Amino acid sequence: MTIRQRALSAYVRHLLRGSAALLMCVPLSALSDTPAQTGTDTKSQPDASKAKQLGNITVTAQSRTQQMEQVPIPLQILTAKQIETQAATDLSKISLFVPGLVVDGSQPTQPNYSLRGISTSDFGIGTESAVGVYIDGVYAARSGGALLAFNDIDRIEVLKGPQGTLFGRNAAGGAISIVTNEPTDTFEGKALIRVGNEGEHYESALVNLPLNKDMALRISVLDNQSNGWIRDQANGQRYGKNNDWGSRMVYRWNITPNTRVLWSWDHERLDQPPRPAIGLVPLSNDTNERPPYPPNPATYLNPLTAPLYNDAIQAREWRHFDGSTLTIDHSFSWGSFTSTTAWRHFNTFNDEDNDGTDHIVSYLDTANIEHNNSYYQEFKLSGYNDLMDWVSGVSFYSEQARQTSQVNTNTSSLDTLAQNVDGLGLPLTEITQGLQALGLPYSLLNDPWREQINNVGKFKAYAAFGDVIWHVNDKLDLTTGLRYTEDKKDFTWYTPPRQATAFDQTVAELVATGVYGLLPPQAQQALAAFGNNIVFPSAVGQWVPVHHSWHDFSPRLVLSYKFTPDTMAYISATKGYKAGGYNSLQVGSLYAPEKVWNYEAGIKTVVPEYNLLFNASAFYYRYSNLQSSVLNPNYSGSGVPFYTVQTSDQHAHGVDLEAQWQPTDALRLNFTSEYIDLTYVHGTSTSGVVLDGQPTGEPLFSMTAGFDYTWHGVYHGDLELNMQYAYRGHTRCNADSEFQGNCFTTAAFKIGTSQQRTDARLDWHTPDQRWGVGLYVNNMFNKRYVLGIGNDSTNDFGTPYATITPPRTFGLEMRAKF
């Protein structure tokens with residue numbers, strides 16, 4: 001779909017192209033009047049003592065080292081202390097405390113990121129997230145490697161709005177920049193032990209070793225284990241477990257006073273049960289009982305109290321991840337040069353129950369299997385003088401990905417499908433009963449059945465970018481930037497014939513013995529129908545390759561003005577871009593690139609005499625061709641619902657607020673909120689409902705508030721109480737929300753209600769932080785919520801299931817530093 005170009009958009013595009021061209025024409029000699037820099041003004045270097053006050057910490061959101069309050073971008077920072085205070089082990093455990101950000105980590109190998117209402121819920125390798133995750137500046141390819149355990153984190157910068165110019169493709173909805181700690185020249189060692197309810201035990205340790213005056217090594221490890229918070233009532237297996245181990249090594253070598261090498265290696269191994277699926281239909285203990293069809297919502301169980309019965313045979317979620325990054329930077333008289341080379345590799349496997357029962361006649365599980373290798377290379381030049389602060393560079397990204405999407409069921413369940421969807425009765429049951437009535441020892445029931453689609457993707461992306469902060473005068477800055485991106489994608493679908501070895505052997509015996517020819521014509525037709533794919537019936541046995549390429553110019557224009565040294569206001573126009581892609585489950589599908597224009601005005605101010613920080617911004621964006629994974633009730637005419645990709649145009653306006661106040665040395669208060677009104681401009685659901693003008697589901701309001709109070713001189717140390725409260729408003733439902741499982745109301749429970757969470761910690765530590773012990777509780781008031789209904793088995797087997805939030809966690813933590 002094409003959108004009519006606005007006059008302002010056209011003006012911005014032409015202006016930024018011109019300024020980028022001007023940047024390329026600036027001779028290096030014109031920059032040589034400035035002492036050696038690393039892209040940062042030494043006069044504006046953050047003061048270390050002030051950087052810890054009022055959230056005014058050092059960030060690199062604009063590929064430059066700046067104080068947060070100097071950056072004309074709406075962003076929220078999660079510091080290492082915040083992460084430790086709330087005992088968060090990955091970003092999904094703390095995202096509720098960043099208004100506007102949602103990270104669903106219930107499946108760590110298939111997470112979903114949403115920022116300001118923009119998300120891409122599809123985890124197939126044919127599409128990519130609209131929210132970019134970057135670790136030390138390197139893009140985390142695919143969802144399988146985008147939610148790793150925190151390991152020696154310095155801070156997390158959550159940048160709201162499109163960040164295409166500085167971060168590149170796939171940051172159309174925003175960017176999450178995770179920054180880790182580097183080796184220092186001082187010996188350091190830390191150890192942390194955390195024990196809690198549900199068998200939680202978490203250990204981490206690190207050591208920083210100065211090898212000589214020019215070299216240092218930093219090594220950290222973590223181990224996160226728990227017994228799980230919910231038990232399967234049939235077999236006793238516990239779900240909701242943690243089993244995650246990781247290690248990180250970073251080596252720094254200052255080759256010369258102006259040249260530095262930084263090399264890091266990351267490894268993670270995760271192996272735990274999959275997400276539990278809690279059945280909603282009350283059933284007896286007879287595993288051959290077929291659920292009532294269609295299911296009656298009036299009889300649904302409350303999933304927060306209902307028993308768990310999951311019988312997926314291969315139930316397991318695991319990931320093996322390795323990554324390496326080599327950074328070389330060198331300072332010149334006119335600026336600096338940085339080379340970043342990165343490699344990432346991971347294998348993932350996730351097999352989960354999709355019917356929420358242990359009944360063999362409704363058995364359904366799905367598995368997602370991925371193998372991924374990616375390579376990234378970036379060269380960047382930056383510099384600073386009285387006229388401008390500039391950065392430019394080129395990058396290359398290459399990725400090879402393989403994915404297998406499996407559906408595992410059995411012939412008894414397919415008999416249920418034939419009865420419920422096709423109205424054919426129970427053909428395999430009837431044939432089996434007829435054969436056994438004649439004394440023939442044949443059964444066509446309970447035989448395993450597997451269908452799958454295999455995908456192979458080979459992707460390449462090239463980019464060149466330039467970004468200049470023009471210092472018009474002492475108070476006024478004009479920022480112009482432009483990135484050119486070219487994406488090339490090769491993608492292949494292959495659907496093999498279904499695997500049903502035991503069933504095929506029985507049919508072959510019927511043919512060999514002549515029994516098959518004695519069966520009624522209707523029975524022979526039924527057996528013939530079961531000889532083909534049922535779930536994935538398209539292009540069976542065929543390789544279907546495609547190749548596409550796209551290119552884009554992503555500009556940004558920012559005007560910022562400092563009214564005082566502590567108060568800045570800005571206005572900006574930025575563009576984001578996400579490459580086109582494919583639906584892994586729909587052979588031959590193609591989706592055009594996503595594009596967004598965002599217009600924003602904000603103010604950032606610090607009032608030192610009152611120890612007060614206040615940031616606010618108002619924004620409007622229009623998002624074109626957004627790709628969302630939605631449930632399609634009639635995929636390929638098979639009668640089996642599957643998730644396919646829906647495209648829509650959306651727009652939103654909203655406001656972000658942040659305030660921090662430290663009225664006394666002992667007390668610190670914080671408040672952050674977001675209001676957003678996000679609706680469809682154009683959109684049609686898979687069921688044919690027109691969604692134009694309706695809300696997308698994003699809540700209108702979310703916020704977090706908290707305080708930190710410290711008592712000094714308690715047993716020769718400091719006693720600190722921290723409490724944080726988070727609120728996320730109710731889902732704004734539309735005509736398709738109920739079918740998608742996002743909004744639903746029954747006598748037993750509701751979906752789409754507002755969510756609340758309160759975390760608290762009472763912590764004692766020595767003034768030098770060498771020793772510490774803390775008591776923590778997350779979700780103090782044990783607020784539990786039903787997140788959604790899985791309807792992928794509702795319209796075929798009559799077995800809807802739900803996913804829920806985990807209960808309260810609490811524990812004791814001990815720390816040592818040496």
# chains A, B, ... in the order shown; residues from 1 in each chain; ligands from 1

$ select_by_dssp --residues "region 554-803 of chain A" --states "alpha helix (DSSP H)" --output "PyMOL selection string"
chain A and resi 737-740+794-797

$ residues_around --residues "region 738-754 of chain A" --least-positions-apart "3" --cutoff "6 Å" --atoms "only C-alpha atoms" --output "MDAnalysis selection string"
chainID A and resid 302 728:731 786 788:789

$ closest_atom_pairs --of "region 421-538 of chain A" --to "region 279-295 of chain A" --cutoff "12 Å" --atoms "only C-alpha atoms" --output "JSON lines"
{"residue": "A:Val421", "atom": "CA", "partner": "A:Tyr293", "partner_atom": "CA", "distance": 9.8}
{"residue": "A:Gly423", "atom": "CA", "partner": "A:Tyr293", "partner_atom": "CA", "distance": 11.6}
{"residue": "A:Leu426", "atom": "CA", "partner": "A:Arg290", "partner_atom": "CA", "distance": 11.3}
{"residue": "A:Thr429", "atom": "CA", "partner": "A:Asn288", "partner_atom": "CA", "distance": 11.8}
{"residue": "A:Leu445", "atom": "CA", "partner": "A:Asn288", "partner_atom": "CA", "distance": 11.1}
{"residue": "A:Asn446", "atom": "CA", "partner": "A:Asn288", "partner_atom": "CA", "distance": 10.2}

$ write_last_selection --atoms "N, CA and C atoms" --output "compact mmCIF listing (two decimals), in the first residue's frame"
# COMPACT_ATOMS: atom_id res chain seq x y z
N VAL A 421 -14.51 -30.72 12.15
CA VAL A 421 -14.35 -29.72 11.09
C VAL A 421 -15.04 -30.14 9.80
N GLY A 423 -17.21 -32.83 9.44
CA GLY A 423 -18.50 -33.48 9.61
C GLY A 423 -18.55 -34.88 9.03
N LEU A 426 -16.25 -40.34 12.59
CA LEU A 426 -14.93 -40.79 13.03
C LEU A 426 -14.49 -41.93 12.11
N THR A 429 -11.88 -44.54 13.42
CA THR A 429 -12.45 -45.32 14.51
C THR A 429 -13.43 -46.35 13.98
N LEU A 445 -5.67 -46.42 14.95
CA LEU A 445 -5.77 -45.35 15.94
C LEU A 445 -4.48 -45.20 16.73
N ASN A 446 -4.32 -44.00 17.29
CA ASN A 446 -3.21 -43.67 18.21
C ASN A 446 -1.83 -43.74 17.57

$ residues_around --residues "Met249 (chain A)" --least-positions-apart "6" --cutoff "8 Å" --atoms "only C-alpha atoms" --output "JSON, numbers by chain"
{"A": [217, 218, 219, 220, 264, 265, 266]}

$ write_last_selection --atoms "C-alpha atoms" --output "short mmCIF file (atom, residue, chain, number, x, y, z; two decimals), in the first residue's frame"
data_model
loop_
_atom_site.label_atom_id
_atom_site.label_comp_id
_atom_site.auth_asym_id
_atom_site.auth_seq_id
_atom_site.Cartn_x
_atom_site.Cartn_y
_atom_site.Cartn_z
CA LEU A 217 40.81 -9.51 31.24
CA ARG A 218 37.27 -9.70 32.63
CA ILE A 219 35.47 -13.03 33.15
CA SER A 220 31.95 -13.53 34.47
CA SER A 264 34.54 -10.53 23.89
CA TRP A 265 33.10 -14.04 23.94
CA ASP A 266 29.62 -14.95 25.17
#

$ closest_atom_pairs --of "region 384-406 of chain A" --to "region 574-598 of chain A" --cutoff "12 Å" --atoms "only C-alpha atoms" --output "tab-separated table"
residue	atom	partner	partner_atom	distance
A:Ala401	CA	A:Ser584	CA	11.9
A:Arg402	CA	A:Ser584	CA	10.6
A:Gln403	CA	A:Ser584	CA	8.4
A:Thr404	CA	A:Ser584	CA	9.1
A:Ser405	CA	A:Leu585	CA	7.7
A:Gln406	CA	A:Leu585	CA	10.2

$ write_last_selection --atoms "C-alpha atoms" --output "mmCIF file, in the first residue's frame"
data_model
loop_
_atom_site.group_PDB
_atom_site.id
_atom_site.type_symbol
_atom_site.label_atom_id
_atom_site.label_comp_id
_atom_site.auth_asym_id
_atom_site.auth_seq_id
_atom_site.Cartn_x
_atom_site.Cartn_y
_atom_site.Cartn_z
ATOM 1 C CA ALA A 401 19.075 -19.292 9.069
ATOM 2 C CA ARG A 402 17.253 -22.603 8.991
ATOM 3 C CA GLN A 403 13.908 -23.290 10.600
ATOM 4 C CA THR A 404 11.668 -26.318 10.944
ATOM 5 C CA SER A 405 8.056 -25.785 12.024
ATOM 6 C CA GLN A 406 6.558 -29.076 13.197
#

$ residues_around --residues "Gly100 (chain A)" --least-positions-apart "4" --cutoff "12 Å" --atoms "only C-alpha atoms" --output "ChimeraX atom specification"
/A:74-76,95-96,113-119,158-161,173-174,654-657,672-678,698-704,726-729

$ atom_distance --atom1 "CA of Ile193 (chain A)" --atom2 "CA of Met814 (chain A)"
5.3 Å

$ residues_around --residues "Asp232 (chain A)" --least-positions-apart "2" --cutoff "9 Å" --atoms "only C-alpha atoms" --output "ChimeraX atom specification"
/A:230,234-239,276,307-311

$ write_last_selection --atoms "N, CA and C atoms" --output "PDB file, in the first residue's frame"
ATOM      1  N   ILE A 230       4.589 -24.557  38.766  1.00  0.00           N
ATOM      2  CA  ILE A 230       3.339 -25.258  38.491  1.00  0.00           C
ATOM      3  C   ILE A 230       3.668 -26.702  38.143  1.00  0.00           C
ATOM      4  N   ALA A 234      -0.844 -35.033  36.018  1.00  0.00           N
ATOM      5  CA  ALA A 234      -0.845 -36.417  35.555  1.00  0.00           C
ATOM      6  C   ALA A 234       0.506 -37.098  35.781  1.00  0.00           C
ATOM      7  N   ASN A 235       1.590 -36.398  35.456  1.00  0.00           N
ATOM      8  CA  ASN A 235       2.903 -37.048  35.540  1.00  0.00           C
ATOM      9  C   ASN A 235       3.843 -36.404  36.558  1.00  0.00           C
ATOM     10  N   GLY A 236       3.415 -35.326  37.201  1.00  0.00           N
ATOM     11  CA  GLY A 236       4.228 -34.708  38.237  1.00  0.00           C
ATOM     12  C   GLY A 236       5.317 -33.788  37.746  1.00  0.00           C
ATOM     13  N   GLN A 237       5.488 -33.653  36.428  1.00  0.00           N
ATOM     14  CA  GLN A 237       6.540 -32.775  35.926  1.00  0.00           C
ATOM     15  C   GLN A 237       6.230 -31.330  36.285  1.00  0.00           C
ATOM     16  N   ARG A 238       7.274 -30.595  36.655  1.00  0.00           N
ATOM     17  CA  ARG A 238       7.107 -29.188  37.015  1.00  0.00           C
ATOM     18  C   ARG A 238       7.465 -28.299  35.828  1.00  0.00           C
ATOM     19  N   TYR A 239       6.642 -27.270  35.639  1.00  0.00           N
ATOM     20  CA  TYR A 239       6.854 -26.278  34.589  1.00  0.00           C
ATOM     21  C   TYR A 239       7.156 -24.928  35.251  1.00  0.00           C
ATOM     22  N   PRO A 276       3.877 -23.607  30.038  1.00  0.00           N
ATOM     23  CA  PRO A 276       2.723 -24.460  30.328  1.00  0.00           C
ATOM     24  C   PRO A 276       1.467 -23.939  29.641  1.00  0.00           C
ATOM     25  N   PRO A 307      -6.202 -27.281  37.089  1.00  0.00           N
ATOM     26  CA  PRO A 307      -5.053 -28.200  37.049  1.00  0.00           C
ATOM     27  C   PRO A 307      -4.373 -28.158  35.690  1.00  0.00           C
ATOM     28  N   LEU A 308      -3.092 -28.498  35.682  1.00  0.00           N
ATOM     29  CA  LEU A 308      -2.306 -28.518  34.450  1.00  0.00           C
ATOM     30  C   LEU A 308      -2.169 -29.945  33.964  1.00  0.00           C
ATOM     31  N   TYR A 309      -2.507 -30.176  32.694  1.00  0.00           N
ATOM     32  CA  TYR A 309      -2.311 -31.474  32.046  1.00  0.00           C
ATOM     33  C   TYR A 309      -1.671 -31.218  30.686  1.00  0.00           C
ATOM     34  N   ASN A 310      -0.391 -31.418  30.593  1.00  0.00           N
ATOM     35  CA  ASN A 310       0.340 -31.271  29.332  1.00  0.00           C
ATOM     36  C   ASN A 310       1.029 -32.590  29.012  1.00  0.00           C
ATOM     37  N   ASP A 311       0.843 -33.077  27.783  1.00  0.00           N
ATOM     38  CA  ASP A 311       1.395 -34.389  27.439  1.00  0.00           C
ATOM     39  C   ASP A 311       2.271 -34.361  26.190  1.00  0.00           C
TER      40      ASP A 311
END

$ closest_residue --among "A:Ala146, A:Ala659, A:Ala191, A:Ile328" --to "Gln769 (chain A)" --atoms "only C-alpha atoms"
A:Ala191

$ residues_around --residues "Tyr620 (chain A)" --least-positions-apart "6" --cutoff "6 Å" --atoms "only C-alpha atoms" --output "list in words"
Asn598, Tyr599, Ala652 and His653 of chain A

$ write_last_selection --atoms "C-alpha atoms" --output "tab-separated table (two decimals), in the first residue's frame"
chain	number	residue	atom	x	y	z
A	598	ASN	CA	7.66	9.86	13.76
A	599	TYR	CA	7.30	13.51	14.80
A	652	ALA	CA	-0.70	6.99	17.19
A	653	HIS	CA	-0.24	10.07	19.29

$ closest_residue --among "A:Phe810, A:Tyr484, A:Trp253, A:Phe167" --to "Phe781 (chain A)" --atoms "only C-alpha atoms"
A:Phe810

$ atom_distance --atom1 "CA of Val714 (chain A)" --atom2 "CA of Trp764 (chain A)"
8.2 Å

$ closest_residue --among "A:Asp389, A:Glu609, A:Glu399, A:Asp214" --to "Trp343 (chain A)" --atoms "only C-alpha atoms"
A:Glu399

$ residues_around --residues "Glu600 (chain A)" --least-positions-apart "6" --cutoff "6 Å" --atoms "only C-alpha atoms" --output "ChimeraX atom specification"
/A:571-572,618-619

$ select_by_dssp --residues "region 147-368 of chain A" --states "strand (DSSP E or B)" --output "tab-separated table (two decimals) with C-alpha atoms, in the first residue's frame"
chain	number	residue	atom	x	y	z
A	153	ILE	CA	25.50	-5.56	32.38
A	154	ASP	CA	26.44	-1.90	32.74
A	155	ARG	CA	23.11	-0.43	31.58
A	156	ILE	CA	20.22	-0.82	29.15
A	157	GLU	CA	19.16	2.12	27.01
A	158	VAL	CA	15.54	1.92	25.80
A	159	LEU	CA	15.18	4.34	22.90
A	160	LYS	CA	11.60	5.08	21.93
A	174	GLY	CA	12.56	1.65	18.63
A	175	ALA	CA	15.82	0.18	19.86
A	176	ILE	CA	17.01	-1.56	23.01
A	177	SER	CA	20.73	-1.08	23.48
A	178	ILE	CA	22.34	-3.39	26.04
A	179	VAL	CA	25.78	-2.21	27.14
A	180	THR	CA	28.11	-4.55	29.03
A	188	GLU	CA	38.06	-6.53	40.97
A	189	GLY	CA	36.13	-9.56	42.06
A	190	LYS	CA	32.44	-10.07	42.82
A	191	ALA	CA	30.27	-12.96	43.91
A	192	LEU	CA	26.52	-13.14	44.40
A	193	ILE	CA	24.32	-15.93	45.77
A	194	ARG	CA	20.54	-15.74	45.71
A	195	VAL	CA	18.16	-18.35	47.17
A	196	GLY	CA	14.38	-18.13	47.07
A	201	HIS	CA	19.11	-20.58	43.47
A	202	TYR	CA	21.08	-18.09	41.43
A	203	GLU	CA	24.84	-17.61	41.49
A	204	SER	CA	27.04	-15.20	39.61
A	205	ALA	CA	30.70	-14.27	39.85
A	206	LEU	CA	33.18	-12.11	38.00
A	207	VAL	CA	36.84	-11.25	38.17
A	208	ASN	CA	38.61	-8.34	36.51
A	209	LEU	CA	42.34	-8.96	36.04
A	210	PRO	CA	44.79	-6.26	34.93
A	215	MET	CA	46.07	-5.40	29.06
A	216	ALA	CA	43.13	-6.50	31.16
A	217	LEU	CA	40.81	-9.51	31.24
A	218	ARG	CA	37.27	-9.70	32.63
A	219	ILE	CA	35.47	-13.03	33.15
A	220	SER	CA	31.95	-13.53	34.47
A	221	VAL	CA	29.68	-16.56	34.92
A	222	LEU	CA	26.10	-17.12	36.07
A	223	ASP	CA	23.87	-20.07	36.92
A	224	ASN	CA	20.10	-19.67	37.30
A	225	GLN	CA	18.08	-22.66	38.56
A	226	SER	CA	14.64	-23.24	40.06
A	230	ILE	CA	3.34	-25.26	38.49
A	231	ARG	CA	3.07	-29.06	38.44
A	232	ASP	CA	1.49	-31.36	35.86
A	238	ARG	CA	7.11	-29.19	37.02
A	239	TYR	CA	6.85	-26.28	34.59
A	242	ASN	CA	14.77	-21.98	35.30
A	243	ASN	CA	17.81	-23.79	33.96
A	244	ASP	CA	20.16	-21.27	32.44
A	245	TRP	CA	23.94	-21.05	32.51
A	246	GLY	CA	26.10	-18.40	30.92
A	247	SER	CA	29.65	-17.13	30.74
A	248	ARG	CA	31.33	-14.05	29.33
A	249	MET	CA	34.96	-13.16	28.71
A	250	VAL	CA	36.29	-9.74	27.62
A	251	TYR	CA	39.91	-8.95	26.77
A	252	ARG	CA	41.27	-5.42	26.31
A	253	TRP	CA	44.65	-4.50	24.86
A	254	ASN	CA	45.85	-0.93	24.50
A	255	ILE	CA	48.30	-1.54	21.66
A	256	THR	CA	49.37	2.12	21.60
A	259	THR	CA	44.85	2.22	19.57
A	260	ARG	CA	42.72	-0.21	21.54
A	261	VAL	CA	41.52	-3.77	20.88
A	262	LEU	CA	38.50	-5.16	22.69
A	263	TRP	CA	37.47	-8.80	22.21
A	264	SER	CA	34.54	-10.53	23.89
A	265	TRP	CA	33.10	-14.04	23.94
A	266	ASP	CA	29.62	-14.95	25.17
A	267	HIS	CA	28.20	-18.40	25.79
A	268	GLU	CA	24.78	-19.40	27.07
A	269	ARG	CA	23.08	-22.77	27.58
A	270	LEU	CA	19.39	-22.92	28.40
A	271	ASP	CA	17.46	-26.17	28.89
A	272	GLN	CA	14.06	-26.17	30.60
A	278	ILE	CA	-3.52	-24.69	30.91
A	279	GLY	CA	-6.65	-26.30	29.48
A	308	LEU	CA	-2.31	-28.52	34.45
A	316	ARG	CA	11.40	-29.09	26.10
A	317	GLU	CA	12.87	-25.68	25.33
A	318	TRP	CA	16.60	-25.29	24.90
A	319	ARG	CA	19.12	-22.96	23.36
A	320	HIS	CA	22.87	-23.06	22.81
A	321	PHE	CA	24.29	-19.63	22.04
A	322	ASP	CA	27.80	-18.42	21.24
A	323	GLY	CA	28.88	-14.97	20.17
A	324	SER	CA	32.11	-13.08	19.64
A	325	THR	CA	32.79	-9.38	19.05
A	326	LEU	CA	36.08	-7.74	18.09
A	327	THR	CA	36.32	-3.96	18.36
A	328	ILE	CA	39.35	-1.97	17.24
A	329	ASP	CA	39.40	1.78	17.70
A	330	HIS	CA	42.09	4.30	16.90
A	331	SER	CA	42.28	8.04	17.63
A	336	SER	CA	38.56	8.44	15.68
A	337	PHE	CA	38.05	5.26	13.70
A	338	THR	CA	36.26	2.18	15.01
A	339	SER	CA	35.95	-1.28	13.48
A	340	THR	CA	33.39	-3.71	14.89
A	341	THR	CA	33.41	-7.34	13.79
A	342	ALA	CA	30.86	-9.72	15.27
A	343	TRP	CA	29.76	-13.34	14.87
A	344	ARG	CA	26.71	-14.98	16.42
A	345	HIS	CA	25.58	-18.59	16.40
A	346	PHE	CA	22.69	-20.32	18.11
A	347	ASN	CA	20.59	-23.47	17.93
A	348	THR	CA	17.13	-23.54	19.52
A	349	PHE	CA	14.43	-26.13	20.09
A	350	ASN	CA	10.99	-25.46	21.52
A	351	ASP	CA	8.31	-28.17	21.69
A	352	GLU	CA	5.17	-27.32	23.64
A	353	ASP	CA	1.66	-28.63	24.28
A	365	ASP	CA	2.04	-30.24	20.08
A	366	THR	CA	4.15	-27.93	17.96
A	367	ALA	CA	7.91	-27.59	17.71
A	368	ASN	CA	10.05	-24.74	16.46

$ decode --residues "region 492-506 of chain A" --atoms "N, CA and C atoms" --output "PDB file, in the first residue's frame"
ATOM      1  N   THR A 492      13.463 -20.007   1.085  1.00  0.00           N
ATOM      2  CA  THR A 492      12.985 -21.263   0.495  1.00  0.00           C
ATOM      3  C   THR A 492      12.013 -21.945   1.440  1.00  0.00           C
ATOM      4  N   TRP A 493      10.933 -22.455   0.874  1.00  0.00           N
ATOM      5  CA  TRP A 493      10.003 -23.328   1.593  1.00  0.00           C
ATOM      6  C   TRP A 493      10.141 -24.758   1.052  1.00  0.00           C
ATOM      7  N   TYR A 494      10.077 -25.713   1.937  1.00  0.00           N
ATOM      8  CA  TYR A 494       9.986 -27.109   1.514  1.00  0.00           C
ATOM      9  C   TYR A 494       9.067 -27.840   2.480  1.00  0.00           C
ATOM     10  N   THR A 495       8.009 -28.427   1.946  1.00  0.00           N
ATOM     11  CA  THR A 495       7.042 -29.181   2.746  1.00  0.00           C
ATOM     12  C   THR A 495       7.184 -30.659   2.412  1.00  0.00           C
ATOM     13  N   PRO A 496       7.796 -31.459   3.274  1.00  0.00           N
ATOM     14  CA  PRO A 496       7.934 -32.892   2.994  1.00  0.00           C
ATOM     15  C   PRO A 496       6.608 -33.612   3.210  1.00  0.00           C
ATOM     16  N   PRO A 497       6.449 -34.800   2.615  1.00  0.00           N
ATOM     17  CA  PRO A 497       5.247 -35.606   2.893  1.00  0.00           C
ATOM     18  C   PRO A 497       5.159 -35.922   4.383  1.00  0.00           C
ATOM     19  N   ARG A 498       3.916 -36.023   4.878  1.00  0.00           N
ATOM     20  CA  ARG A 498       3.722 -36.276   6.303  1.00  0.00           C
ATOM     21  C   ARG A 498       4.364 -37.592   6.718  1.00  0.00           C
ATOM     22  N   GLN A 499       4.756 -37.641   8.003  1.00  0.00           N
ATOM     23  CA  GLN A 499       5.387 -38.836   8.552  1.00  0.00           C
ATOM     24  C   GLN A 499       4.372 -39.563   9.431  1.00  0.00           C
ATOM     25  N   ALA A 500       3.977 -40.770   8.992  1.00  0.00           N
ATOM     26  CA  ALA A 500       3.030 -41.595   9.744  1.00  0.00           C
ATOM     27  C   ALA A 500       3.384 -43.052   9.492  1.00  0.00           C
ATOM     28  N   THR A 501       4.542 -43.474   9.989  1.00  0.00           N
ATOM     29  CA  THR A 501       5.095 -44.786   9.654  1.00  0.00           C
ATOM     30  C   THR A 501       4.184 -45.923  10.085  1.00  0.00           C
ATOM     31  N   ALA A 502       3.716 -45.883  11.329  1.00  0.00           N
ATOM     32  CA  ALA A 502       2.879 -46.983  11.829  1.00  0.00           C
ATOM     33  C   ALA A 502       1.559 -47.060  11.066  1.00  0.00           C
ATOM     34  N   PHE A 503       0.960 -45.934  10.797  1.00  0.00           N
ATOM     35  CA  PHE A 503      -0.296 -45.915  10.045  1.00  0.00           C
ATOM     36  C   PHE A 503      -0.082 -46.471   8.637  1.00  0.00           C
ATOM     37  N   ASP A 504       0.989 -46.034   7.971  1.00  0.00           N
ATOM     38  CA  ASP A 504       1.256 -46.498   6.613  1.00  0.00           C
ATOM     39  C   ASP A 504       1.527 -48.002   6.578  1.00  0.00           C
ATOM     40  N   GLN A 505       2.197 -48.528   7.602  1.00  0.00           N
ATOM     41  CA  GLN A 505       2.452 -49.963   7.644  1.00  0.00           C
ATOM     42  C   GLN A 505       1.149 -50.762   7.768  1.00  0.00           C
ATOM     43  N   THR A 506       0.227 -50.244   8.582  1.00  0.00           N
ATOM     44  CA  THR A 506      -1.062 -50.930   8.741  1.00  0.00           C
ATOM     45  C   THR A 506      -1.829 -50.921   7.432  1.00  0.00           C
TER      46      THR A 506
END
